[in-house]
file protein-v8.txt (compact mmCIF, C-alpha atoms)
# COMPACT_ATOMS: atom_id res chain seq x y z
CA MET A 1 169.26 157.05 156.29
CA ASN A 2 168.52 153.73 157.98
CA VAL A 3 167.89 153.48 161.74
CA THR A 4 167.31 150.47 164.01
CA VAL A 5 166.59 150.79 167.73
CA GLU A 6 167.22 148.15 170.39
CA ARG A 7 165.62 149.18 173.68
CA VAL A 8 166.03 147.56 177.09
CA GLU A 9 163.81 149.48 179.52
CA ASN A 10 165.17 153.05 179.33
CA GLU A 11 168.49 152.25 177.65
CA ALA A 12 168.54 152.31 173.84
CA THR A 13 171.10 151.36 171.23
CA LEU A 14 170.71 153.20 167.92
CA LYS A 15 172.36 151.74 164.82
CA ILE A 16 172.44 154.40 162.13
CA THR A 17 173.57 154.16 158.51
CA ALA A 18 174.05 157.41 156.58
CA PRO A 19 174.69 157.29 152.80
CA ALA A 20 178.04 158.26 151.31
CA ALA A 21 176.47 161.39 149.82
CA GLU A 22 175.78 162.67 153.37
CA VAL A 23 179.35 161.90 154.39
CA ASN A 24 180.77 163.75 151.37
CA ALA A 25 178.51 166.74 152.09
CA GLY A 26 179.78 166.68 155.68
CA TYR A 27 183.38 166.90 154.49
CA LYS A 28 182.56 169.95 152.36
CA LYS A 29 180.87 171.66 155.31
CA ALA A 30 183.81 170.80 157.57
CA VAL A 31 186.35 172.29 155.16
CA GLN A 32 184.27 175.45 154.79
CA LYS A 33 183.76 175.79 158.55
CA ILE A 34 187.50 175.53 159.24
CA ALA A 35 188.30 177.89 156.35
CA ASP A 36 185.86 180.49 157.73
CA GLN A 37 187.73 180.47 161.06
CA ALA A 38 191.31 180.08 159.76
CA ASN A 39 193.95 182.78 159.49
CA ILE A 40 196.21 181.50 156.71
CA PRO A 41 198.74 183.89 155.12
CA GLY A 42 197.88 184.68 151.51
CA PHE A 43 194.21 183.74 151.83
CA ARG A 44 191.16 185.62 153.01
CA LYS A 45 188.99 183.90 155.60
CA GLY A 46 186.79 181.32 153.92
CA LYS A 47 188.81 181.26 150.70
CA ALA A 48 191.60 178.79 151.46
CA PRO A 49 191.26 175.58 149.39
CA ARG A 50 190.91 172.18 151.03
CA ALA A 51 194.51 171.15 150.28
CA ILE A 52 195.83 174.21 152.14
CA ILE A 53 193.43 173.62 155.04
CA GLU A 54 194.60 170.02 155.38
CA MET A 55 198.23 171.12 155.13
CA HIS A 56 197.84 173.60 158.02
CA TYR A 57 195.41 171.68 160.26
CA GLY A 58 195.85 168.06 159.17
CA LYS A 59 193.52 165.64 157.45
CA GLU A 60 192.48 164.15 160.79
CA ALA A 61 191.15 167.53 161.97
CA VAL A 62 189.02 167.82 158.84
CA LYS A 63 187.79 164.26 159.29
CA GLN A 64 186.87 164.85 162.95
CA GLU A 65 184.97 168.03 162.09
CA ALA A 66 183.15 166.22 159.26
CA PHE A 67 182.29 163.32 161.56
CA GLU A 68 180.75 165.63 164.16
CA ILE A 69 178.67 167.37 161.49
CA VAL A 70 177.37 164.17 159.92
CA ALA A 71 176.94 162.22 163.18
CA ASN A 72 175.09 165.06 164.97
CA LYS A 73 172.74 165.49 162.02
CA ALA A 74 172.13 161.75 161.73
CA TYR A 75 171.51 161.40 165.49
CA SER A 76 169.04 164.30 165.52
CA GLU A 77 167.17 162.91 162.52
CA ALA A 78 167.10 159.42 164.06
CA LEU A 79 165.51 160.78 167.25
CA ASN A 80 162.86 162.61 165.23
CA GLN A 81 162.23 159.64 162.97
CA GLU A 82 161.83 157.17 165.86
CA LYS A 83 160.12 159.73 168.15
CA LEU A 84 162.67 159.21 170.93
CA ILE A 85 163.33 161.65 173.78
CA PRO A 86 166.83 161.34 175.30
CA VAL A 87 167.60 162.28 178.92
CA SER A 88 171.37 161.75 178.67
CA ASP A 89 174.13 162.71 176.29
CA PRO A 90 174.69 160.14 173.52
CA LYS A 91 177.70 157.84 173.72
CA VAL A 92 179.27 156.61 170.48
CA GLU A 93 180.03 152.91 170.85
CA GLU A 94 181.23 152.13 167.33
CA SER A 95 181.70 154.12 164.13
CA THR A 96 182.90 153.68 160.55
CA PHE A 97 183.52 156.98 158.82
CA GLU A 98 185.40 157.41 155.54
CA GLU A 99 184.90 159.88 152.73
CA GLY A 100 183.03 158.30 149.82
CA LYS A 101 181.58 155.51 152.00
CA ASP A 102 178.42 155.02 154.03
CA MET A 103 178.75 155.97 157.72
CA GLU A 104 177.99 153.22 160.23
CA LEU A 105 177.26 154.53 163.71
CA THR A 106 176.26 152.80 166.96
CA ILE A 107 175.07 155.10 169.73
CA LYS A 108 173.87 154.34 173.26
CA VAL A 109 171.58 156.77 175.05
CA THR A 110 169.20 156.84 178.01
CA LEU A 111 165.63 157.64 176.99
CA LYS A 112 162.74 159.28 178.78
CA PRO A 113 160.58 156.50 180.27
CA GLU A 114 157.14 155.81 178.84
CA PRO A 115 155.00 154.88 181.87
CA GLU A 116 152.39 152.17 181.46
CA LEU A 117 149.44 153.99 182.96
CA GLY A 118 147.17 152.27 185.43
CA GLU A 119 143.90 153.73 186.67
CA TYR A 120 144.00 157.49 186.84
CA LYS A 121 140.33 158.38 186.49
CA GLY A 122 137.62 157.76 189.04
CA LEU A 123 140.13 157.44 191.87
CA HIS A 124 139.09 157.73 195.50
CA VAL A 125 140.94 159.00 198.55
CA GLU A 126 139.53 160.34 201.79
CA LYS A 127 139.04 164.09 201.85
CA LYS A 128 139.62 165.41 205.34
CA GLU A 129 137.04 167.64 206.94
CA VAL A 130 138.78 170.36 208.93
CA GLU A 131 137.48 172.64 211.64
CA VAL A 132 139.61 175.16 213.48
CA THR A 133 139.11 174.98 217.25
CA ASP A 134 138.98 177.80 219.75
CA GLU A 135 142.19 176.44 221.28
CA GLN A 136 143.99 176.81 217.93
CA VAL A 137 142.73 180.37 217.60
CA ASP A 138 143.94 181.16 221.12
CA ALA A 139 147.37 179.74 220.29
CA GLN A 140 147.66 181.97 217.21
CA ILE A 141 146.61 185.05 219.14
CA LYS A 142 149.12 184.16 221.83
CA ASP A 143 151.84 183.99 219.16
CA MET A 144 150.78 187.46 217.95
CA MET A 145 150.95 188.81 221.51
CA GLY A 146 154.39 187.28 221.87
CA ARG A 147 155.75 190.12 219.76
CA ASP A 148 154.79 192.50 222.55
CA ALA A 149 155.93 190.23 225.38
CA LYS A 150 158.46 191.33 227.96
CA MET A 151 161.33 189.09 228.98
CA VAL A 152 161.38 188.74 232.75
CA VAL A 153 163.48 186.62 235.08
CA ALA A 154 161.54 183.48 236.01
CA GLU A 155 160.48 183.15 239.63
CA GLU A 156 162.96 181.50 241.98
CA GLY A 157 162.95 177.73 241.68
CA ALA A 158 161.05 177.76 238.37
CA VAL A 159 161.68 174.75 236.17
CA ILE A 160 162.54 175.47 232.52
CA GLU A 161 159.58 175.26 230.15
CA LYS A 162 159.38 175.31 226.37
CA GLY A 163 159.38 178.91 225.21
CA ASP A 164 161.74 180.03 227.97
CA PHE A 165 165.15 181.51 227.26
CA ALA A 166 167.79 179.62 229.22
CA ILE A 167 171.16 181.34 229.58
CA ILE A 168 173.52 178.39 229.59
CA ASP A 169 177.16 177.40 229.77
CA PHE A 170 177.90 174.13 228.00
CA ALA A 171 180.89 171.97 227.17
CA GLY A 172 180.57 168.87 225.02
CA THR A 173 182.83 165.83 224.78
CA VAL A 174 182.93 162.73 222.59
CA ASP A 175 184.75 159.76 224.15
CA GLY A 176 185.91 162.16 226.83
CA GLU A 177 187.52 164.56 224.36
CA PRO A 178 186.25 168.09 223.57
CA PHE A 179 185.40 168.88 219.96
CA SER A 180 185.30 172.03 217.82
CA GLY A 181 182.18 174.14 218.41
CA GLY A 182 181.14 172.09 221.43
CA GLU A 183 181.64 174.78 224.07
CA GLY A 184 179.86 178.04 224.87
CA LYS A 185 179.30 180.43 227.77
CA GLY A 186 176.30 182.65 228.41
CA TYR A 187 174.51 181.23 225.40
CA PRO A 188 170.84 182.38 225.14
CA LEU A 189 168.92 179.25 224.10
CA GLU A 190 165.23 179.47 223.26
CA VAL A 191 164.03 176.14 224.61
CA GLY A 192 161.86 174.39 222.05
CA SER A 193 163.44 176.12 219.05
CA ASN A 194 165.23 172.87 218.13
CA SER A 195 168.37 174.84 217.37
CA PHE A 196 170.55 172.39 219.32
CA ILE A 197 171.18 168.69 218.69
CA PRO A 198 167.95 166.62 218.85
CA GLY A 199 167.21 165.57 222.42
CA PHE A 200 169.31 168.29 224.05
CA GLU A 201 166.55 170.82 224.72
CA ASP A 202 164.05 168.15 225.86
CA GLN A 203 166.38 167.24 228.71
CA LEU A 204 166.32 170.80 230.03
CA VAL A 205 162.54 170.77 230.39
CA GLY A 206 160.37 169.42 233.19
CA LEU A 207 157.17 168.34 231.46
CA SER A 208 155.26 167.56 234.67
CA LYS A 209 155.05 170.84 236.50
CA GLY A 210 153.98 169.17 239.75
CA ASP A 211 157.25 167.45 240.51
CA SER A 212 159.54 168.89 237.81
CA THR A 213 159.90 165.43 236.29
CA ASP A 214 158.47 164.30 232.96
CA VAL A 215 156.88 160.91 232.34
CA GLU A 216 160.25 159.42 231.39
CA GLY A 217 161.90 160.59 234.56
CA ILE A 218 163.92 163.48 233.14
CA VAL A 219 164.28 166.17 235.80
CA GLY A 220 163.65 169.69 234.54
CA MET A 221 166.49 172.10 235.25
CA LYS A 222 166.44 175.33 237.26
CA THR A 223 168.66 178.39 237.60
CA GLY A 224 172.01 177.49 239.16
CA GLU A 225 171.78 173.76 238.37
CA THR A 226 174.40 171.76 236.49
CA LYS A 227 173.97 168.37 234.89
CA GLU A 228 175.34 166.14 232.19
CA ILE A 229 173.13 165.66 229.11
CA PRO A 230 173.76 162.70 226.79
CA VAL A 231 172.90 163.13 223.09
CA THR A 232 173.59 161.39 219.79
CA PHE A 233 174.57 163.42 216.75
CA PRO A 234 172.30 162.86 213.72
CA GLU A 235 173.58 160.67 210.89
CA ASP A 236 173.43 163.66 208.54
CA TYR A 237 175.67 165.79 210.77
CA SER A 238 179.25 166.68 209.83
CA GLU A 239 181.36 163.66 208.93
CA ASP A 240 183.59 163.80 212.03
CA LEU A 241 180.59 163.76 214.45
CA ALA A 242 177.78 162.01 212.53
CA GLY A 243 176.12 159.29 214.62
CA LYS A 244 178.47 159.71 217.58
CA GLU A 245 177.39 159.87 221.22
CA ALA A 246 178.31 162.98 223.18
CA ILE A 247 178.01 164.27 226.73
CA PHE A 248 177.30 167.95 227.36
CA LYS A 249 177.98 169.42 230.80
CA VAL A 250 175.37 172.17 231.13
CA ASN A 251 175.05 174.92 233.73
CA ILE A 252 171.95 177.14 233.88
CA GLN A 253 173.01 180.73 234.56
CA ASP A 254 169.52 182.18 234.36
CA VAL A 255 166.01 181.48 233.08
CA LYS A 256 163.98 184.20 231.40
CA ARG A 257 160.33 183.90 230.52
CA LYS A 258 157.98 185.82 228.27
CA GLU A 259 155.37 187.90 230.08
CA LEU A 260 152.45 188.48 227.73
CA PRO A 261 150.34 191.64 227.84
CA GLU A 262 146.75 191.33 229.03
CA LEU A 263 144.35 190.44 226.22
CA ASN A 264 141.52 192.98 226.35
CA ASP A 265 139.68 195.37 224.05
CA GLU A 266 142.14 198.17 224.74
CA TYR A 267 145.11 196.05 223.72
CA VAL A 268 143.34 194.78 220.58
CA ALA A 269 142.34 198.29 219.50
CA SER A 270 145.88 199.61 219.98
CA LYS A 271 147.65 196.78 218.16
CA THR A 272 145.25 195.62 215.43
CA GLU A 273 142.61 196.92 213.03
CA PHE A 274 139.88 195.49 215.29
CA LYS A 275 138.16 197.11 218.27
CA THR A 276 137.30 194.13 220.45
CA VAL A 277 138.73 190.74 221.43
CA GLU A 278 135.60 189.12 220.00
CA ASP A 279 136.17 190.74 216.59
CA LEU A 280 139.81 189.66 216.62
CA ARG A 281 138.95 186.06 217.46
CA ALA A 282 136.28 185.94 214.74
CA ASN A 283 138.69 187.25 212.11
CA TYR A 284 141.44 184.85 213.14
CA LYS A 285 139.06 181.91 213.09
CA GLU A 286 137.72 182.79 209.63
CA ARG A 287 141.20 183.18 208.13
CA MET A 288 142.52 180.05 209.83
CA GLN A 289 139.52 178.05 208.62
CA LYS A 290 140.07 179.13 205.03
CA ALA A 291 143.76 178.29 205.27
CA ALA A 292 143.01 174.89 206.79
CA GLU A 293 140.49 174.10 204.05
CA ALA A 294 142.97 175.16 201.37
CA ASN A 295 145.64 172.92 202.91
CA ALA A 296 143.21 170.00 203.13
CA LYS A 297 142.25 170.50 199.48
CA ALA A 298 145.90 170.59 198.41
CA GLU A 299 146.64 167.44 200.43
CA TYR A 300 143.61 165.68 198.90
CA GLU A 301 144.70 166.57 195.36
CA HIS A 302 148.29 165.55 196.10
CA GLU A 303 147.12 162.14 197.34
CA LEU A 304 145.07 161.63 194.18
CA ILE A 305 148.09 162.33 191.99
CA ASP A 306 150.24 160.08 194.18
CA LEU A 307 147.71 157.27 193.67
CA ALA A 308 147.77 157.74 189.89
CA VAL A 309 151.57 157.58 190.00
CA ALA A 310 151.50 154.45 192.17
CA ASN A 311 149.12 152.77 189.69
CA ALA A 312 151.55 153.29 186.79
CA LYS A 313 154.38 150.90 185.91
CA PHE A 314 157.79 152.29 184.96
CA SER A 315 161.36 152.77 186.16
CA VAL A 316 163.15 156.08 186.48
CA PRO A 317 166.68 156.50 185.07
CA GLU A 318 169.17 157.52 187.73
CA ILE A 319 170.37 160.43 185.59
CA MET A 320 166.92 162.05 185.73
CA ILE A 321 166.94 161.93 189.53
CA GLU A 322 170.48 163.33 189.69
CA ASP A 323 169.56 166.14 187.28
CA LYS A 324 166.50 166.97 189.41
CA ILE A 325 168.62 167.03 192.58
CA SER A 326 171.06 169.42 190.88
CA GLN A 327 168.16 171.67 189.93
CA MET A 328 166.82 171.63 193.51
CA VAL A 329 170.27 172.42 194.94
CA GLU A 330 170.56 175.35 192.55
CA GLU A 331 167.11 176.61 193.63
CA MET A 332 168.17 176.19 197.26
CA LYS A 333 171.32 178.22 196.56
CA MET A 334 169.28 181.03 194.98
CA SER A 335 166.86 181.02 197.91
CA LEU A 336 169.72 181.29 200.41
CA GLU A 337 171.33 184.11 198.45
CA SER A 338 168.01 186.03 198.49
CA ARG A 339 168.30 185.89 202.30
CA LYS A 340 171.93 187.07 202.26
CA MET A 341 173.35 183.61 202.98
CA SER A 342 175.63 181.52 200.80
CA LEU A 343 175.42 177.75 200.37
CA ASP A 344 178.87 177.45 202.00
CA MET A 345 177.62 179.36 205.06
CA TYR A 346 174.55 177.10 205.24
CA MET A 347 176.70 173.96 205.12
CA GLN A 348 178.97 175.32 207.85
CA TYR A 349 175.99 176.23 210.05
CA THR A 350 174.17 172.90 209.62
CA GLY A 351 177.21 170.64 209.58
CA LEU A 352 176.11 169.20 206.21
CA ASP A 353 178.34 168.66 203.20
CA MET A 354 177.21 168.63 199.55
CA ALA A 355 176.89 164.84 199.51
CA LYS A 356 174.49 164.96 202.49
CA ILE A 357 172.49 167.82 200.99
CA ARG A 358 172.04 165.87 197.75
CA GLU A 359 171.13 162.73 199.70
CA ASN A 360 168.48 164.66 201.66
CA GLN A 361 166.99 165.99 198.42
CA ARG A 362 166.80 162.56 196.76
CA PRO A 363 163.37 161.35 198.01
CA VAL A 364 161.59 164.54 196.93
CA ALA A 365 163.51 164.64 193.64
CA GLU A 366 162.52 161.06 192.81
CA GLU A 367 158.87 161.74 193.70
CA ASN A 368 158.84 164.87 191.52
CA VAL A 369 160.38 163.07 188.53
CA LYS A 370 157.88 160.20 188.80
CA THR A 371 154.96 162.62 189.05
CA ASP A 372 156.11 164.61 186.02
CA LEU A 373 156.51 161.46 183.94
CA VAL A 374 153.04 160.16 184.78
CA LEU A 375 151.40 163.54 184.15
CA ASP A 376 153.20 163.74 180.79
CA ALA A 377 151.86 160.27 179.94
CA ILE A 378 148.33 161.28 180.95
CA ALA A 379 148.56 164.41 178.82
CA LYS A 380 149.59 162.26 175.87
CA ALA A 381 146.84 159.69 176.49
CA GLU A 382 144.20 162.43 176.78
CA ASP A 383 145.62 164.41 173.83
CA ILE A 384 145.84 167.51 176.01
CA GLN A 385 147.03 170.64 174.21
CA VAL A 386 148.35 173.99 175.41
CA ASP A 387 147.09 177.06 173.55
CA MET A 388 147.96 180.74 173.72
CA ALA A 389 145.08 181.43 176.10
CA ASP A 390 146.70 179.01 178.59
CA VAL A 391 150.08 180.70 178.16
CA ASP A 392 148.63 184.21 178.57
CA ALA A 393 146.78 183.14 181.72
CA GLU A 394 149.93 181.62 183.19
CA ILE A 395 151.99 184.72 182.43
CA ALA A 396 149.27 186.92 183.94
CA ALA A 397 149.35 184.82 187.13
CA ILE A 398 153.14 185.06 187.35
CA SER A 399 152.94 188.82 186.75
CA ALA A 400 150.43 189.29 189.56
CA GLN A 401 152.47 187.14 191.94
CA HIS A 402 155.69 189.09 191.41
CA GLY A 403 154.27 192.55 190.80
CA ALA A 404 155.59 192.75 187.25
CA SER A 405 153.96 193.45 183.90
CA PRO A 406 153.21 190.58 181.48
CA GLU A 407 155.70 192.10 179.03
CA GLU A 408 158.46 192.00 181.68
CA VAL A 409 157.67 188.37 182.49
CA LYS A 410 157.73 187.41 178.80
CA LYS A 411 161.10 189.12 178.39
CA ILE A 412 162.56 187.24 181.37
CA ILE A 413 161.19 183.88 180.13
CA LYS A 414 162.62 184.49 176.68
CA GLY A 415 165.97 185.60 178.08
CA ASN A 416 166.22 182.55 180.36
CA GLY A 417 165.08 180.17 177.64
CA THR A 418 162.42 178.71 179.95
CA MET A 419 159.39 178.81 177.66
CA GLY A 420 159.61 175.02 177.29
CA LEU A 421 159.45 174.60 181.06
CA LEU A 422 156.48 176.98 181.25
CA LEU A 423 154.59 174.97 178.62
CA ALA A 424 155.43 171.69 180.39
CA ASN A 425 154.11 173.03 183.70
CA ILE A 426 150.84 174.13 182.09
CA LEU A 427 150.44 170.76 180.36
CA ARG A 428 151.08 168.84 183.59
CA ARG A 429 148.64 170.98 185.54
CA LYS A 430 145.94 170.29 182.95
CA ALA A 431 146.75 166.58 183.15
CA ALA A 432 146.51 166.73 186.95
CA HIS A 433 143.00 168.17 186.64
CA VAL A 434 141.97 165.14 184.60
CA VAL A 435 142.81 163.04 187.67
CA ILE A 436 141.34 165.45 190.22
CA ASP A 437 138.15 166.38 188.38
CA SER A 438 137.25 162.74 187.69
CA ALA A 439 137.83 161.59 191.28
CA LYS A 440 134.97 159.99 193.19
call {"tool": "encode", "arguments": {"input": "protein-v8.txt", "output": "structure tokens"}}
result
Amino acid sequence: MNVTVERVENEATLKITAPAAEVNAGYKKAVQKIADQANIPGFRKGKAPRAIIEMHYGKEAVKQEAFEIVANKAYSEALNQEKLIPVSDPKVEESTFEEGKDMELTIKVTLKPEPELGEYKGLHVEKKEVEVTDEQVDAQIKDMMGRDAKMVVAEEGAVIEKGDFAIIDFAGTVDGEPFSGGEGKGYPLEVGSNSFIPGFEDQLVGLSKGDSTDVEGIVGMKTGETKEIPVTFPEDYSEDLAGKEAIFKVNIQDVKRKELPELNDEYVASKTEFKTVEDLRANYKERMQKAAEANAKAEYEHELIDLAVANAKFSVPEIMIEDKISQMVEEMKMSLESRKMSLDMYMQYTGLDMAKIRENQRPVAEENVKTDLVLDAIAKAEDIQVDMADVDAEIAAISAQHGASPEEVKKIIKGNGTMGLLLANILRRKAAHVVIDSAK
């Protein structure tokens, strides 16, 4: 078999010539394959001669089956011979296929990029030093105490603050016309939850408690007040409202505020495993410090990998990004279903359609594809290998994370056909450590 490859960036044209002997062998296999599946009166399956097969199914059917057999085999062998990795289905541009003659085949396919690596060792990025403050600890403890808070009616004349629950009536219009879902009565809105359109909740709040006016002159609202609030729908909102300006007429029925319990040793002992406020604060600070350091380490390592990716030269085929987006959408769907919500329900709740969801996923998908390609190239450059000890360690980690036995995890991986993905993840993690461990 003869193969020539013309490559322009990630697009390749393969010109393949297979000898007549391969074509003839393909015809024999095609006839036998059809015979094995055929129900022809007077003949057992697999025993009908070629002339009978062609009489019942036509010579063109035999030729098409033979072509697929020979072309698929030739394409697979050409990829192996030229060490090419496709990321798209092949497209036959031209073909000459006749029994007793050489096959001429021209195929176009998109190939996995081969990044030209830049510097990836000895890189330098700033590693942040983190220290948890007493104020941060207090905020976390306050959040914990919020679970035991009582909801009480705010004092008369109190201006709405973030964290309050405002019981509101609202009616929205666009160009003076009401729209679906734009009206509600007695709605309990947690101010600061960002559950309404961006900018809506901010205009309920008085940020300067002295005069109930924030620095931009927005007057904070009180019980019994009514005002018109202008907002602009986000560009990624539902198609009929995206980017449009709206006016909401809002009336404050009531304002309720959380009343926290008193923080003392008695409260701590009754609600936690600790006996004193001091012990609780110390434990919170220690755990928060460890978490902050872990986050800083992860951010530092991520920035190193990003720098290695930025130093490489390559282009990413659009199909790889689209495939990654599809994978992320499927993972999103599974995550929603684990929380008893369907993707359709999510789209209805957020006002997003599938096109917007895919568009929102694109930046992360592109970053992930680029990172994977560069780490694969580093693994190749460093001749990194994955052995059984690496696989066993990975399976043990997955087992511990999900509370399953290694045998159960192996069975699931085998059943899902994801061993290749597991090996790729291990290889990329080892390549990432080449970058991280050599950093200045």
call {"tool": "atom_distance", "arguments": {"input": "protein-v8.txt", "atom1": "atom CA of Thr17 of chain A", "atom2": "atom CA of Val70 of chain A"}}
result
10.8 Å
call {"tool": "residues_around", "arguments": {"input": "protein-v8.txt", "residues": "Asp148 of chain A", "least_positions_apart": "3", "cutoff": "9 Å", "atoms": "all atoms listed in the file", "output": "list of chain:residue names"}}
result
A:Met144, A:Met145, A:Glu259, A:Leu260, A:Pro261
call {"tool": "write_last_selection", "arguments": {"input": "protein-v8.txt", "atoms": "C-alpha atoms", "output": "PDB file, in the coordinates of the input"}}
result
ATOM      1  CA  MET A 144     150.780 187.460 217.950  1.00  0.00           C
ATOM      2  CA  MET A 145     150.950 188.810 221.510  1.00  0.00           C
ATOM      3  CA  GLU A 259     155.370 187.900 230.080  1.00  0.00           C
ATOM      4  CA  LEU A 260     152.450 188.480 227.730  1.00  0.00           C
ATOM      5  CA  PRO A 261     150.340 191.640 227.840  1.00  0.00           C
TER       6      PRO A 261
END
call {"tool": "residues_around", "arguments": {"input": "protein-v8.txt", "residues": "Asp169 of chain A", "least_positions_apart": "6", "cutoff": "12 Å", "atoms": "only C-alpha atoms", "output": "short mmCIF file (atom, residue, chain, number, x, y, z; two decimals) with C-alpha atoms, keeping the file's coordinate frame"}}
result
data_model
loop_
_atom_site.label_atom_id
_atom_site.label_comp_id
_atom_site.auth_asym_id
_atom_site.auth_seq_id
_atom_site.Cartn_x
_atom_site.Cartn_y
_atom_site.Cartn_z
CA GLY A 182 181.14 172.09 221.43
CA GLU A 183 181.64 174.78 224.07
CA GLY A 184 179.86 178.04 224.87
CA LYS A 185 179.30 180.43 227.77
CA GLY A 186 176.30 182.65 228.41
CA TYR A 187 174.51 181.23 225.40
CA PRO A 188 170.84 182.38 225.14
CA LEU A 189 168.92 179.25 224.10
CA THR A 223 168.66 178.39 237.60
CA GLY A 224 172.01 177.49 239.16
CA GLU A 225 171.78 173.76 238.37
CA THR A 226 174.40 171.76 236.49
CA LYS A 227 173.97 168.37 234.89
CA GLU A 228 175.34 166.14 232.19
CA PHE A 248 177.30 167.95 227.36
CA LYS A 249 177.98 169.42 230.80
CA VAL A 250 175.37 172.17 231.13
CA ASN A 251 175.05 174.92 233.73
CA ILE A 252 171.95 177.14 233.88
CA GLN A 253 173.01 180.73 234.56
CA ASP A 254 169.52 182.18 234.36
#
call {"tool": "atom_distance", "arguments": {"input": "protein-v8.txt", "atom1": "atom CA of Arg358 of chain A", "atom2": "atom CA of Leu343 of chain A"}}
result
12.6 Å
call {"tool": "atom_distance", "arguments": {"input": "protein-v8.txt", "atom1": "atom CA of Ile160 of chain A", "atom2": "atom CA of Met221 of chain A"}}
result
5.9 Å
call {"tool": "residues_around", "arguments": {"input": "protein-v8.txt", "residues": "Glu262 of chain A", "least_positions_apart": "6", "cutoff": "12 Å", "atoms": "only C-alpha atoms", "output": "list in words"}}
result
Ile141, Lys142, Met145, Gly146, Asp148, Ala149, Lys150, Val268 and Val277 of chain A
call {"tool": "closest_residue", "arguments": {"input": "protein-v8.txt", "among": "A:Ala424, A:Leu241, A:Val369, A:Ile384", "to": "Ile319 of chain A", "atoms": "only C-alpha atoms"}}
result
A:Val369
call {"tool": "closest_residue", "arguments": {"input": "protein-v8.txt", "among": "A:Ile168, A:Val434, A:Ala379, A:Ala396", "to": "Glu201 of chain A", "atoms": "only C-alpha atoms"}}
result
A:Ile168
call {"tool": "residues_around", "arguments": {"input": "protein-v8.txt", "residues": "Glu68 of chain A", "least_positions_apart": "5", "cutoff": "9 Å", "atoms": "all atoms listed in the file", "output": "PyMOL selection string"}}
result
chain A and resi 26+30+63+73
call {"tool": "residues_around", "arguments": {"input": "protein-v8.txt", "residues": "Phe233 of chain A", "least_positions_apart": "6", "cutoff": "7 Å", "atoms": "all atoms listed in the file", "output": "PDB file with C-alpha atoms, in the frame of the given file"}}
result
ATOM      1  CA  ILE A 197     171.180 168.690 218.690  1.00  0.00           C
ATOM      2  CA  LEU A 241     180.590 163.760 214.450  1.00  0.00           C
ATOM      3  CA  ALA A 242     177.780 162.010 212.530  1.00  0.00           C
ATOM      4  CA  GLY A 243     176.120 159.290 214.620  1.00  0.00           C
ATOM      5  CA  LYS A 244     178.470 159.710 217.580  1.00  0.00           C
ATOM      6  CA  GLU A 245     177.390 159.870 221.220  1.00  0.00           C
TER       7      GLU A 245
END
